[in-house]
Amino acid sequence: MSPEEFRTEGKKIIDWIADYYENIEKYPVLSQVKPGEIKSSLPETPPERSESLDEIMQDIDEKIMPGITHWQSPNFFAYFNSNTSFPSILGDLVSSGLGVQGMIWATSPAATELETRVLDWLAEMTGMPESFKSTSTGGGVIQDTASTAALTAIIAARERVTNFKSNEKGISGNLVAYISTQTHSSLEKGIKIAGIGKANLRLIDVDEKFAMRPELLEKQIKEDKKNGLIPFFVCATVGSTSTTAIDPVREIGEISQKENCWYHIDAAALGTAMVCPEFRHYIQGIELADSYSFNPHKWMFTNFDCNVFWVANRQELINTFSILPEYLRNKATESGEVFDYRDWHIQLGRRFRALKLWFVIRHYGVEGLQYHIREHVRIAKELKNWVKESPDFELVVEPHMNLICFRHKNGDDFNMKLMNSINESGKIFFTHTKLNNKIVLRINIGQTNLKEKHVKEAWMLIVKTAAKMATI
Ligand code: PLP
């Protein structure tokens, strides 16, 4: 494809994306296809001869679009949003256009230095302590790619050859990690991958707000030490997946520090909200953390994938991951004056993801981001009030920010049927969780283009469908 053809075809595809967003509410939010339907519509063999972009785009419209769940629809309320925005899409396009692989500083200094600058901006914007900035002892890095896939494959192979038993005990014997019963499953997965073993993972119980109980953490650590085990890692969550519960960051941090444990804070979903100073009380005590992360790909209008991860002491990270084969030796690395981000994570190769984040922050400005976060929180409060006023529904837990957890009073089966039938209608998409052994419905309010009317209409649909179901 020549640059001239790219120019012509590219403009058509930009138009296609703009049209998609203009019409996004006409699609059923949750894809309605059956398993295998998309695959069977595609040829079993690749084309021998070149096909035109018009033909490819026709297949996008006819064969791919029916299998799309429209995450960017303002009627998408499921899981946590994985939102995007036009500036983010354009930043990602520039990244694709440049095709930079920024594994080390020398392979594209701008990819490294823009990332360092943007992560320092974000640390400042979200009220993080100085120690997390690159200008101090720490620093941030954007995470993730194919090495994770390879690692996952290696672990899966190990599990298969050991009949899925090697993780029952773990290979590190007496190291113990602590999370809560509400911590995201990725932590348990990480513990398995790292070979610590599920047997050495403690799930600390939570209080009535689903936040970790620090006194139980302390008790468990003491008991483990008495039994000759070595506590080494504690994770607190700021915004749990089920309910956006917020663990007591400072108290857990003080215990972690006293017990010499690495203290990680997972703020995947809610970290973005810290751009608003009024929400920073949720992360008070963050200066006790060794590492902290959140997902701009959830609530900061930046398309997947984009996780930001900071450490207070970058040398610990670099000592863990640094490896320097001859073929990557270069003057800049040897000078010690540059960051080589391949030493800050699992994989070697890395995309230029800082660009999309840079586009987003510059497009919205801090004030624009604050506006949207506050607006989502305001609308969530409205929904909370509607739930509270309803005679048929109950609010399950007082919301912290933009996730509303509720249930119909008619019990689990009714709630599941209600949710499934609404989702099947394609009008909105929302999901559930289980708390205290009861089904709970969740509405997450974080989509880029969402307005109050979308939430109002969603709530009316839920109420009306429930009323109809109750009479049958
Ligand atoms: N932590 C929390 C609290 C989450 O809610 C999620 C996902 O929803 C994750 C971690 C995992 O996020 P990712 O998809 O970026 O791995």
# chains A, B, ... in the order shown; residues from 1 in each chain; ligands from 1
>>> closest_atom_pairs(of="segment 385-442 of chain A", to="segment 266-274 of chain A", cutoff="10 Å", atoms="only C-alpha atoms", output="Markdown table")
| residue | atom | partner | partner_atom | distance |
| --- | --- | --- | --- | --- |
| A:His400 | CA | A:Leu270 | CA | 9.7 |
| A:Met401 | CA | A:Leu270 | CA | 8.2 |
| A:Asn402 | CA | A:Leu270 | CA | 8.8 |
>>> write_last_selection(atoms="C-alpha atoms", output="PDB file, in the first residue's frame")
ATOM      1  CA  HIS A 400     -18.188   5.318  47.222  1.00  0.00           C
ATOM      2  CA  MET A 401     -18.221   6.655  43.700  1.00  0.00           C
ATOM      3  CA  ASN A 402     -19.570   5.424  40.384  1.00  0.00           C
TER       4      ASN A 402
END
>>> residues_near_ligand(ligand="ligand 1", cutoff="7 Å", atoms="only C-alpha atoms and all ligand atoms", output="ChimeraX atom specification")
/A:79-80,183-184,186,237,239-241,266-269,295,307
>>> residues_around(residues="Glu5 of chain A", least_positions_apart="5", cutoff="12 Å", atoms="only C-alpha atoms", output="PyMOL selection string")
chain A and resi 10-12+52-53
>>> residues_around(residues="Arg117 of chain A", least_positions_apart="6", cutoff="10 Å", atoms="only C-alpha atoms", output="PDB file with N, CA, C and O atoms, in the first residue's frame")
ATOM      1  N   ALA A 123       1.315  11.287  38.424  1.00  0.00           N
ATOM      2  CA  ALA A 123       1.578  11.207  39.873  1.00  0.00           C
ATOM      3  C   ALA A 123       1.194  12.538  40.515  1.00  0.00           C
ATOM      4  O   ALA A 123       0.553  12.577  41.577  1.00  0.00           O
ATOM      5  N   LYS A 133       7.801   9.619  42.076  1.00  0.00           N
ATOM      6  CA  LYS A 133       8.163  10.295  40.823  1.00  0.00           C
ATOM      7  C   LYS A 133       9.567   9.917  40.386  1.00  0.00           C
ATOM      8  O   LYS A 133      10.426   9.574  41.210  1.00  0.00           O
ATOM      9  N   SER A 134       9.813  10.049  39.091  1.00  0.00           N
ATOM     10  CA  SER A 134      11.131   9.684  38.557  1.00  0.00           C
ATOM     11  C   SER A 134      12.209  10.634  39.065  1.00  0.00           C
ATOM     12  O   SER A 134      13.394  10.302  39.064  1.00  0.00           O
ATOM     13  N   THR A 135      11.785  11.811  39.494  1.00  0.00           N
ATOM     14  CA  THR A 135      12.742  12.794  39.999  1.00  0.00           C
ATOM     15  C   THR A 135      13.205  12.432  41.413  1.00  0.00           C
ATOM     16  O   THR A 135      14.107  13.054  41.959  1.00  0.00           O
ATOM     17  N   GLY A 139       9.289   5.951  40.429  1.00  0.00           N
ATOM     18  CA  GLY A 139       8.948   6.225  39.038  1.00  0.00           C
ATOM     19  C   GLY A 139       7.839   5.308  38.576  1.00  0.00           C
ATOM     20  O   GLY A 139       7.529   4.308  39.226  1.00  0.00           O
ATOM     21  N   GLY A 140       7.259   5.684  37.441  1.00  0.00           N
ATOM     22  CA  GLY A 140       6.141   4.898  36.916  1.00  0.00           C
ATOM     23  C   GLY A 140       6.439   4.352  35.547  1.00  0.00           C
ATOM     24  O   GLY A 140       7.339   4.819  34.844  1.00  0.00           O
ATOM     25  N   ALA A 354       2.478   5.694  25.822  1.00  0.00           N
ATOM     26  CA  ALA A 354       2.395   7.005  26.488  1.00  0.00           C
ATOM     27  C   ALA A 354       1.729   8.035  25.584  1.00  0.00           C
ATOM     28  O   ALA A 354       1.140   9.001  26.068  1.00  0.00           O
ATOM     29  N   TRP A 358      -0.913  10.849  26.706  1.00  0.00           N
ATOM     30  CA  TRP A 358      -0.493  12.249  26.512  1.00  0.00           C
ATOM     31  C   TRP A 358      -1.567  13.015  25.746  1.00  0.00           C
ATOM     32  O   TRP A 358      -1.933  14.132  26.102  1.00  0.00           O
TER      33      TRP A 358
END
>>> select_by_dssp(residues="segment 354-452 of chain A", states="alpha helix (DSSP H)", output="PyMOL selection string")
chain A and resi 354-389+412-425+452
>>> closest_atom_pairs(of="segment 33-106 of chain A", to="segment 375-379 of chain A", cutoff="12 Å", atoms="only C-alpha atoms", output="JSON lines")
{"residue": "A:Pro74", "atom": "CA", "partner": "A:His376", "partner_atom": "CA", "distance": 11.7}
{"residue": "A:Phe77", "atom": "CA", "partner": "A:His376", "partner_atom": "CA", "distance": 11.9}
{"residue": "A:Asn81", "atom": "CA", "partner": "A:His376", "partner_atom": "CA", "distance": 11.9}
>>> residues_around(residues="Val396 of chain A", least_positions_apart="3", cutoff="7 Å", atoms="only C-alpha atoms", output="PyMOL selection string")
chain A and resi 405-407
>>> write_last_selection(atoms="N, CA, C and O atoms", output="short mmCIF file (atom, residue, chain, number, x, y, z; two decimals), in the first residue's frame")
data_model
loop_
_atom_site.label_atom_id
_atom_site.label_comp_id
_atom_site.auth_asym_id
_atom_site.auth_seq_id
_atom_site.Cartn_x
_atom_site.Cartn_y
_atom_site.Cartn_z
N CYS A 405 -24.57 -0.93 43.52
CA CYS A 405 -24.88 -2.35 43.73
C CYS A 405 -26.27 -2.45 44.36
O CYS A 405 -26.51 -1.87 45.42
N PHE A 406 -27.14 -3.20 43.70
CA PHE A 406 -28.53 -3.24 44.17
C PHE A 406 -29.12 -4.61 43.84
O PHE A 406 -28.51 -5.40 43.11
N ARG A 407 -30.29 -4.89 44.39
CA ARG A 407 -30.97 -6.14 44.03
C ARG A 407 -32.48 -5.96 44.18
O ARG A 407 -32.94 -5.14 44.99
#
>>> residues_around(residues="Tyr178 of chain A", least_positions_apart="3", cutoff="8 Å", atoms="only C-alpha atoms", output="PyMOL selection string")
chain A and resi 201-204+217+231+233-235
>>> select_by_dssp(residues="segment 309-455 of chain A", states="strand (DSSP E or B)", output="list in words")
Phe309, Trp310, Val311, Phe393, Glu394, Leu395, Leu403, Ile404, Cys405, Phe406, Arg407, His408, Phe429, Thr431, His432, Thr433, Lys434, Leu435, Lys438, Ile439, Val440, Leu441, Arg442, Ile443 and Asn444 of chain A
>>> residues_around(residues="Asn227 of chain A", least_positions_apart="4", cutoff="12 Å", atoms="only C-alpha atoms", output="PDB file with N, CA, C and O atoms, in the first residue's frame")
ATOM      1  N   ASN A 174       7.832 -21.214  52.072  1.00  0.00           N
ATOM      2  CA  ASN A 174       7.308 -20.548  53.262  1.00  0.00           C
ATOM      3  C   ASN A 174       7.028 -19.052  53.111  1.00  0.00           C
ATOM      4  O   ASN A 174       6.847 -18.358  54.085  1.00  0.00           O
ATOM      5  N   LEU A 175       6.965 -18.565  51.869  1.00  0.00           N
ATOM      6  CA  LEU A 175       6.570 -17.164  51.682  1.00  0.00           C
ATOM      7  C   LEU A 175       5.043 -17.059  51.691  1.00  0.00           C
ATOM      8  O   LEU A 175       4.370 -17.871  51.076  1.00  0.00           O
ATOM      9  N   VAL A 176       4.539 -16.044  52.397  1.00  0.00           N
ATOM     10  CA  VAL A 176       3.075 -15.922  52.492  1.00  0.00           C
ATOM     11  C   VAL A 176       2.624 -14.527  52.034  1.00  0.00           C
ATOM     12  O   VAL A 176       3.244 -13.517  52.379  1.00  0.00           O
ATOM     13  N   GLN A 220      -3.269 -12.614  61.507  1.00  0.00           N
ATOM     14  CA  GLN A 220      -2.855 -13.694  60.600  1.00  0.00           C
ATOM     15  C   GLN A 220      -1.342 -13.676  60.374  1.00  0.00           C
ATOM     16  O   GLN A 220      -0.691 -14.720  60.370  1.00  0.00           O
ATOM     17  N   ILE A 221      -0.800 -12.472  60.213  1.00  0.00           N
ATOM     18  CA  ILE A 221       0.654 -12.363  59.996  1.00  0.00           C
ATOM     19  C   ILE A 221       1.396 -12.919  61.219  1.00  0.00           C
ATOM     20  O   ILE A 221       2.357 -13.689  61.091  1.00  0.00           O
ATOM     21  N   LYS A 222       0.924 -12.566  62.397  1.00  0.00           N
ATOM     22  CA  LYS A 222       1.581 -13.027  63.641  1.00  0.00           C
ATOM     23  C   LYS A 222       1.531 -14.556  63.714  1.00  0.00           C
ATOM     24  O   LYS A 222       2.530 -15.207  64.054  1.00  0.00           O
ATOM     25  N   GLU A 223       0.366 -15.094  63.397  1.00  0.00           N
ATOM     26  CA  GLU A 223       0.197 -16.551  63.462  1.00  0.00           C
ATOM     27  C   GLU A 223       1.136 -17.248  62.461  1.00  0.00           C
ATOM     28  O   GLU A 223       1.791 -18.233  62.788  1.00  0.00           O
ATOM     29  N   PRO A 231       5.937 -13.770  55.993  1.00  0.00           N
ATOM     30  CA  PRO A 231       5.037 -12.844  55.291  1.00  0.00           C
ATOM     31  C   PRO A 231       5.879 -11.929  54.394  1.00  0.00           C
ATOM     32  O   PRO A 231       6.889 -11.386  54.840  1.00  0.00           O
TER      33      PRO A 231
END
>>> closest_atom_pairs(of="segment 18-91 of chain A", to="segment 437-453 of chain A", cutoff="12 Å", atoms="only C-alpha atoms", output="CSV")
residue,atom,partner,partner_atom,distance
A:Tyr21,CA,A:Asn449,CA,9.5
A:Glu22,CA,A:Asn449,CA,10.8
A:Ile24,CA,A:Asn449,CA,10.5
A:Glu25,CA,A:Asn449,CA,10.8
A:His70,CA,A:Gln447,CA,11.0
A:Trp71,CA,A:Gln447,CA,8.3
A:Gln72,CA,A:Gln447,CA,6.7
A:Ser73,CA,A:Gln447,CA,7.4
A:Pro74,CA,A:Leu450,CA,4.5
A:Asn75,CA,A:Leu450,CA,7.4
A:Phe76,CA,A:Gln447,CA,7.2
A:Phe77,CA,A:Asn444,CA,4.8
A:Ala78,CA,A:Asn444,CA,6.1
A:Tyr79,CA,A:Asn444,CA,6.9
A:Phe80,CA,A:Asn444,CA,6.0
A:Asn81,CA,A:Gly446,CA,5.8
A:Ser82,CA,A:Gln447,CA,7.8
A:Asn83,CA,A:Gln447,CA,5.8
A:Thr84,CA,A:Thr448,CA,6.7
A:Ser85,CA,A:Thr448,CA,6.7
A:Phe86,CA,A:Thr448,CA,9.9
A:Pro87,CA,A:Thr448,CA,11.7
A:Ser88,CA,A:Thr448,CA,11.4
>>> closest_residue(among="A:Tyr282, A:Phe359, A:Tyr27, A:Phe429", to="Phe301 of chain A", atoms="only C-alpha atoms")
A:Phe359
